[in-house]
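So the structure is just underneath, and the comments pick up after that.
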Amino acid sequence: MNKLEMHIIANWKQNKTLADLKDWLTGFDSIFDKEKVGQVEIVVAPSFPLIVPLKMIAQEVGYLKISSQDISEYKDGAHTGEVGASQLQGLAEYSIIGHSERRKNGETIDQVNSKITNALELGIKPIVCFSIEEEASAVIEKHGKDAVLFAFEPVSAISSTENSSGPAGVEEIKAMVDKLPIDKVIYGGSVDKSNVDNYLNIQFISGFLVGSASLDPANFAEIANKLH
Ligand code: PGA
């Protein structure tokens, strides 16, 4: 894998508070193999209020990149509760967009595309989650295949899904990549240190979006250490 083609993203979802940040980063940094820096991009996606404090603490280690978990479909204005690309610029290098937990709450393909437009205009790299072909195709139609990082997350594979069927097989991921005009995808869904080996050295898998296994810093560092 060429330099920085691998991404590992911690999606903390609605977990962690201000008080947890220092311990998480110290725990991660004590185990993470620094020789991976430059090969693997380490990204953490906390809730909005934790972006600034995490960014400040992360300066101590130097290698951590920040992602938001969402971004507004609007540029600015009277949209209570929204956080826009211009407000995240300079704070978050990435933004997760179109996570199934947001789509399930009614987020549409058009909203996802507007969010991507806004992120791209301000230089924030979208990590676009999709679980079915149509969700990825709609993005490719509007933005092309190279503008964003695609993360394939079958809903049934996500650990918090009721009756989750566990991590997807490599064949399932390959079948999805083959349907789309992309040759690489980030995989997400129940990835942990016990199963990540199954996905390493697979040329169309370019990283991992990790939910529950990212909450424990040692776990997340052990997964990161396996990537190359
Ligand atoms: P999980 O979550 O690793 O807990 O399955 C992944 C995600 O929803 O992004």
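Residue names in the structure tokens use chain letters A, B, ... in the order shown, residue numbers from 1 in each chain, and ligand numbers from 1 in the order shown.
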
10 Å contact set for Gly90 in chain A, only C-alpha atoms, chain neighbours under 4 positions out, as a PyMOL selection string: chain A and resi 85-86+122-124

Residues within 7 Å of ligand 1, counting only C-alpha atoms and all ligand atoms, as a PyMOL selection string: chain A and resi 11+153+157-160+188-191+209-213

DSSP strand (DSSP E) residues within range 146-196 of chain A, as a list in words: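 Residues of range 146-196 of chain A classed as strand (DSSP E): Leu149, Phe150, Ala151, Phe152, Val185, Ile186, Tyr187 and Gly188 of chain A.
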
Give me the range 23-55 of chain A side of the contact with range 61-79 of chain A, cut-off 9 Å, one line per residue showing its nearest atom pair and distance in Å at one decimal, counting only C-alpha atoms, sorted by chain and residue number, as a tab-separated table.
residue	atom	partner	partner_atom	distance
A:Leu25	CA	A:Val61	CA	8.6
A:Asp29	CA	A:Val61	CA	7.4
A:Lys34	CA	A:Tyr63	CA	8.8
A:Val37	CA	A:Tyr63	CA	6.7
A:Gly38	CA	A:Tyr63	CA	8.7
A:Glu41	CA	A:Lys65	CA	7.4
A:Ile42	CA	A:Leu64	CA	5.5
A:Val43	CA	A:Lys65	CA	4.6
A:Val44	CA	A:Ile66	CA	5.1
A:Ala45	CA	A:Ser67	CA	4.5
A:Pro46	CA	A:Ser68	CA	6.5
A:Ser47	CA	A:Gln69	CA	6.6
A:Phe48	CA	A:Ser68	CA	6.5
A:Ile51	CA	A:Ile66	CA	7.1
A:Leu54	CA	A:Ile66	CA	8.0
A:Lys55	CA	A:Ile66	CA	6.9

Take the residues just selected and output them with C-alpha atoms as a compact mmCIF listing (two decimals), in the first residue's frame.
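Below is the file selection10.txt, written as the result:
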# COMPACT_ATOMS: atom_id res chain seq x y z
CA LEU A 25 -5.06 9.93 23.89
CA ASP A 29 -0.21 7.05 22.22
CA LYS A 34 4.83 5.70 15.66
CA VAL A 37 2.85 7.67 10.97
CA GLY A 38 3.14 8.63 7.32
CA GLU A 41 -3.75 8.24 8.75
CA ILE A 42 -5.14 8.12 12.28
CA VAL A 43 -8.46 9.95 12.47
CA VAL A 44 -10.76 10.44 15.45
CA ALA A 45 -14.37 11.58 15.08
CA PRO A 46 -15.70 12.91 18.40
CA SER A 47 -18.98 14.72 19.00
CA PHE A 48 -18.94 18.40 17.98
CA ILE A 51 -13.49 18.69 18.47
CA LEU A 54 -9.30 17.06 21.26
CA LYS A 55 -7.51 19.09 18.63

Point-to-point distance from CA of Leu149 in chain A to CA of Leu91 in chain A, Å rounded to tenths: 18.7 Å

Which of range 41-72 of chain A fall in alpha helix (DSSP H), as a PyMOL selection string: chain A and resi 51-58

Residues within 9 Å of Pro181 in chain A, please, as a short mmCIF file (atom, residue, chain, number, x, y, z; two decimals) with C-alpha atoms, in the first residue's frame. Count only C-alpha atoms; anything in the same chain fewer than 6 positions from it doesn't count.
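So selection_3.cif came out as:
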data_model
loop_
_atom_site.label_atom_id
_atom_site.label_comp_id
_atom_site.auth_asym_id
_atom_site.auth_seq_id
_atom_site.Cartn_x
_atom_site.Cartn_y
_atom_site.Cartn_z
CA SER A 137 -23.82 5.81 -6.94
CA ILE A 140 -20.40 9.43 -7.65
CA LYS A 145 -15.50 8.88 -7.84
#

Between CA of Phe130 in chain A and CA of Gly98 in chain A - distance in Å to one decimal: 6.8 Å

CA of Val52 in chain A to CA of Val148 in chain A, distance in Å rounded to a single decimal: 23.6 Å
